[in-house]
Structures are given as structure tokens and as C-alpha cells.
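All remarks here apply to the structure that follows.
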2 protein chains.
Amino acid sequence: MAEKNATAPKWLNPSEMKAWRQYIIASRRLLDALDEDLAAHDLSMADYEVLAQLSDAPDRTMRMSELAEVAMVSRSRLSHRIKVMEREGWVRREACPNDKRGSLAIMTPKGWKAIVAAAPDHVASVRSRFLDVLDKGDQKALAEIFERVATRIKDIDCDE
Amino acid sequence: MAEKNATAPKWLNPSEMKAWRQYIIASRRLLDALDEDLAAHDLSMADYEVLAQLSDAPDRTMRMSELAEVAMVSRSRLSHRIKVMEREGWVRREACPNDKRGSLAIMTPKGWKAIVAAAPDHVASVRSRFLDVLDKGDQKALAEIFERVATRIKDIDCDE
DNA sequence: CGAGAAAAGTTGAATGTTCAACTATTGTCG
DNA sequence: CGACAATAGTTGAACATTCAACTTTTCTCG
């Protein structure tokens, strides 16, 4: 849990509140819109992320736990999702040769076709719904801010 | 679906990519962390939002559809969630006096106690995980950017 | 070596969310 | 008025996610 800082006021001031609310509202709408756009390809954002990461890996092959890590989903969730992707014929599993506990997720040609079909639309959608309203300076500022946010979260959760 | 702009390149350039990835990664981690923090009060972010909005309404009472709107959840989802909150004794439902189709969600004293207990921790958590890494300028920049994002999404989805 | 801790992955059950269908009421307008 | 469209809300079934338990294998270190 977050440390309570003795000097921090209990409630947010108007400027903090505005930043937080605008962020949370726009993020919700943005993710919803991107999900809707992806639905045309029968994909959710989470499934897209999994397939995109897998398609980027050498031989389009990855250890389950590594894939879970980079796609930011739990192992359990990945396991369940891969099961349905297997049924769709997008991915297959193979035993890991050097670690007998392990399991490899391997993208099939059909899976490759699916991600290749979805990617341009998804990129266009990210562009039109998000990037198009940012100029170069905004891009840089945003990247810096969220890099700090991610770092901060890692720091808090490591020493508690 | 997003319009395809003839001049837009198919892929993201490094600066766009960085802004997008940092945003999506940090957001995921941030929301996860806030959810974990709220778990101490047996709440998800979505449930917190519902209760917070309801607690702000006159008489802590709201029409279901209005509550769904401001809490950014579907009507169906709200209906299901309110059912479990009713079981917890946090909310009760009452028929809407002037519109016989309608239904009012009313926060109980127990529900008020729950949100009052959770709110300071949640605010502290938003602060320490997010706001603390923003200076005044960042706050303003972020609010402006995400206001544009939200507006853009509304605009796209209205004329298509 | 070998005991116990840690890591990888899966599973089933419980819980949460979406989706489409449905009832009931209200609004619109010829 | 009265037919039809639109709105409010709920429901159950299908689907997705989480959670804790479990198996198997590997790592650590006395």
C-alpha cells in the first residue's frame, strides 16, 4: 500500500484532480475505442498484444512465462488464452527442449496471417485516436512522464 | 473504424512508438497497482468509481443509467455489480417515482462507511503512484493532452 | 549428493463481464 | 388518439479472468 506522507493533504487539489480525471476518463475511452476497432479482426487488445509480441520473437517462438511477462498478462490468463488461440489454429505449443518444465508458444502461419491483417488497422486506429492529437513535444513529454510513472511503481513495490 | 489517411505511414516512427508504448505499459502497471491497493478494502477500481460517483450525488441517490454513464460502465455491468453491492448492504434499489421504467440506486450508511474508509487510501495511492512524479507543468500538460484525446474519440465516433 | 525452496506451467472453480433478448414504460408525430 | 420508435433496466447464457491448488522440474546450498 502507498505510504502515507505526513505533508500530503488528504484530498486532491483542483489541478491534481483535473490531471487525474482527464487521464482516467480519456484512457478508459481510448482503450474501449481501440478494442472496438480491433473487434473487426476478432481480437481484444490483450490478445493483440500477445500475438504481436510473439510475432516479434525469433522464430515467432517464446517461452510461456516470457510471453506473459512482455504481454503484461498473468501466467494463468495466458495459459487460458493460448488454449483458445490453439483452437483457432493461430498458435501451437511445444515442449521446451532444455527445460522440461517449460512450454513454448509457437505462432503458426495462420496466426501470422491474422496479426498481419490486424496490425495496419490497429496502427491506424492508435494514430487517429491518440497520436494525431500529439505534436512532437507532446510525444516527448508523455513518454518521459509515463517512464517516470512506471519506474515509480517498480520502486514502490520493490521496497515494501 | 479509424479512417486511413493516405499520407500516414503504415508504421509508427520511433518517437511515436516510444510515446505509445510508454503510455500503454505504464497505464497497465498503474491500474494494476491501484487495483491491488484497493483490494485491501475489497474494491476494484470500477466498483470504487461507482461508489464514489454515487456518494457524490444529491441524497447519494442516482438513476441507474446516469450512474452507469458517469462511472463509465455498461448498464448491464452496473446492474450486475449493484446486485452484489446490494448483497453487501452498500446500496439499495428503489423505484423511480416519476419514471416508472426507472430505478434508483441509493447508497446506504454502510456503503458510505465503506467508501469513506477506502477513499483516503485510494487518494494516497493515486498520489504516490502517479501524481507525485508530475510537477505543476506536467499536470497541466497531461490534462490538456488527454482532454484532446477524449474529444477526438467523441468526434470520430459521432460522424461515421 | 540430496533436501527443500523456487520456478514453470496448467487446471478447475469462483467470480466478473459481455452480449443479445426481453419487459415495461415513455416519447414522437401523423 | 394511437402506432411505432426509443429509453430504462434486467436477465441468463456465454465467455473471460482471477485465484488458489497442484505437478513437475530445476536451482540452491549445507
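Here, A, B, ... name the chains of the C-alpha cells in the order displayed, residue numbers run from 1 inside each chain, and ligands are numbered from 1 in the same displayed order.
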Under the rule of at most 9 Å, produce a per-residue listing of chain D near chain B: chain, number, name, the closest pair of atoms, and the distance in Å, as a tab-separated table, using only C-alpha atoms (C1' of nucleotides).
```
residue	atom	partner	partner_atom	distance
D:DT7	C1'	B:Arg101	CA	8.6
D:DA8	C1'	B:Arg101	CA	5.4
D:DG9	C1'	B:Gly102	CA	6.9
D:DT10	C1'	B:Ser79	CA	7.2
```
Near Met107 of chain B, within 10 Å and counting only C-alpha atoms (C1' of nucleotides), which residues show up once chain neighbours fewer than 2 positions away are dropped, as a ChimeraX atom specification? /B:51,54-55,57,59-62,85-86,89-93,104-105,109-113
Please return, as an NGL selection string, all residues of segment 16-144 of chain B that DSSP assigns to helix (DSSP H, G or I) on the basis of the backbone. :B and (16-39 or 45-56 or 58-60 or 64-71 or 75-88 or 109-129 or 131-133 or 136-144)
Store the residues picked out above in a file with C-alpha atoms, as a short mmCIF file (atom, residue, chain, number, x, y, z; two decimals), in the first residue's frame.
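Output file result-v6.cif follows:
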```
data_model
loop_
_atom_site.label_atom_id
_atom_site.label_comp_id
_atom_site.auth_asym_id
_atom_site.auth_seq_id
_atom_site.Cartn_x
_atom_site.Cartn_y
_atom_site.Cartn_z
CA GLU B 16 5.54 7.84 -31.79
CA MET B 17 6.31 4.28 -30.81
CA LYS B 18 8.01 5.36 -27.64
CA ALA B 19 5.16 7.63 -26.57
CA TRP B 20 2.60 4.92 -27.26
CA ARG B 21 4.49 2.07 -25.59
CA GLN B 22 5.43 4.05 -22.52
CA TYR B 23 1.85 5.15 -22.16
CA ILE B 24 0.35 1.71 -22.56
CA ILE B 25 2.86 -0.04 -20.32
CA ALA B 26 2.75 2.49 -17.52
CA SER B 27 -1.03 2.67 -17.66
CA ARG B 28 -1.35 -1.07 -17.35
CA ARG B 29 1.00 -1.14 -14.37
CA LEU B 30 -0.60 1.88 -12.79
CA LEU B 31 -4.13 0.50 -12.99
CA ASP B 32 -2.94 -2.87 -11.71
CA ALA B 33 -1.17 -1.25 -8.77
CA LEU B 34 -4.19 0.88 -7.87
CA ASP B 35 -6.40 -2.18 -8.02
CA GLU B 36 -4.05 -4.05 -5.72
CA ASP B 37 -4.05 -1.16 -3.27
CA LEU B 38 -7.84 -1.05 -3.30
CA ALA B 39 -8.08 -4.79 -2.73
CA MET B 45 -11.29 0.37 -9.43
CA ALA B 46 -14.61 0.00 -11.24
CA ASP B 47 -16.57 -0.58 -8.05
CA TYR B 48 -14.77 2.29 -6.38
CA GLU B 49 -15.75 4.57 -9.23
CA VAL B 50 -19.38 3.51 -8.95
CA LEU B 51 -19.48 4.10 -5.21
CA ALA B 52 -17.56 7.37 -5.42
CA GLN B 53 -19.92 8.77 -8.02
CA LEU B 54 -22.95 7.63 -6.09
CA SER B 55 -21.61 9.12 -2.88
CA ASP B 56 -21.24 12.49 -4.62
CA PRO B 58 -27.56 14.53 -4.06
CA ASP B 59 -29.01 12.25 -1.39
CA ARG B 60 -26.42 9.70 -2.50
CA MET B 64 -29.06 3.54 -12.80
CA SER B 65 -28.40 4.79 -16.31
CA GLU B 66 -26.92 8.05 -15.11
CA LEU B 67 -24.67 6.19 -12.72
CA ALA B 68 -23.58 3.85 -15.49
CA GLU B 69 -22.75 6.87 -17.63
CA VAL B 70 -20.61 8.73 -15.10
CA ALA B 71 -18.91 5.58 -13.81
CA ARG B 75 -25.80 -0.69 -17.98
CA SER B 76 -25.70 -4.44 -17.85
CA ARG B 77 -22.48 -4.46 -15.92
CA LEU B 78 -23.77 -1.88 -13.47
CA SER B 79 -26.92 -3.90 -12.95
CA HIS B 80 -24.86 -6.98 -12.07
CA ARG B 81 -22.48 -5.07 -9.82
CA ILE B 82 -25.25 -3.29 -7.96
CA LYS B 83 -26.75 -6.69 -7.30
CA VAL B 84 -23.63 -7.78 -5.43
CA MET B 85 -23.31 -4.41 -3.68
CA GLU B 86 -26.87 -4.87 -2.53
CA ARG B 87 -25.91 -8.20 -1.00
CA GLU B 88 -23.05 -6.46 0.80
CA PRO B 109 -24.95 4.21 5.59
CA LYS B 110 -22.89 1.03 5.39
CA GLY B 111 -21.94 1.86 1.81
CA TRP B 112 -20.99 5.37 2.88
CA LYS B 113 -18.78 3.93 5.57
CA ALA B 114 -17.11 1.68 3.03
CA ILE B 115 -16.29 4.48 0.59
CA VAL B 116 -15.16 6.81 3.38
CA ALA B 117 -12.83 4.11 4.61
CA ALA B 118 -11.39 3.44 1.18
CA ALA B 119 -11.11 6.96 -0.22
CA PRO B 120 -8.12 8.32 1.74
CA ASP B 121 -6.05 5.24 0.98
CA HIS B 122 -7.02 5.39 -2.65
CA VAL B 123 -6.16 9.06 -2.91
CA ALA B 124 -2.83 8.41 -1.22
CA SER B 125 -2.23 5.64 -3.68
CA VAL B 126 -3.07 7.79 -6.72
CA ARG B 127 -0.77 10.41 -5.33
CA SER B 128 2.20 8.23 -4.61
CA ARG B 129 1.96 6.18 -7.77
CA LEU B 131 0.73 12.50 -9.13
CA ASP B 132 3.98 12.55 -7.17
CA VAL B 133 6.01 12.27 -10.35
CA LYS B 136 2.56 21.59 -11.95
CA GLY B 137 3.55 21.89 -15.59
CA ASP B 138 3.22 18.17 -16.18
CA GLN B 139 -0.21 18.19 -14.61
CA LYS B 140 -1.37 20.94 -16.92
CA ALA B 141 0.18 19.35 -20.00
CA LEU B 142 -1.30 15.97 -19.22
CA ALA B 143 -4.76 17.33 -18.57
CA GLU B 144 -4.69 19.19 -21.88
#
```
Please run DSSP on the backbone and report, as a ChimeraX atom specification, all residues within segment 5-143 of chain B that come out as strand (DSSP E or B). /B:61-63,91-95,103-107
Return the neighbours of chain B among the residues of chain C, cut-off 7 Å, counting only C-alpha atoms (C1' of nucleotides), as a VMD selection string. chain C and resid 17 24 to 25
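Neighbouring residues of DC1 of chain D at 12 Å or closer, counting only C-alpha atoms (C1' of nucleotides) and skipping chain neighbours under 2 positions away, are DC29 and DG30 of chain C; DA3 of chain D.
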Separation of atom C1' of DT23 of chain C and atom C1' of DT11 of chain D, in Å? 10.5 Å
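Picture a line from atom CA of Asp42 of chain B to atom C1' of DG12 of chain C; it runs 23.6 Å.
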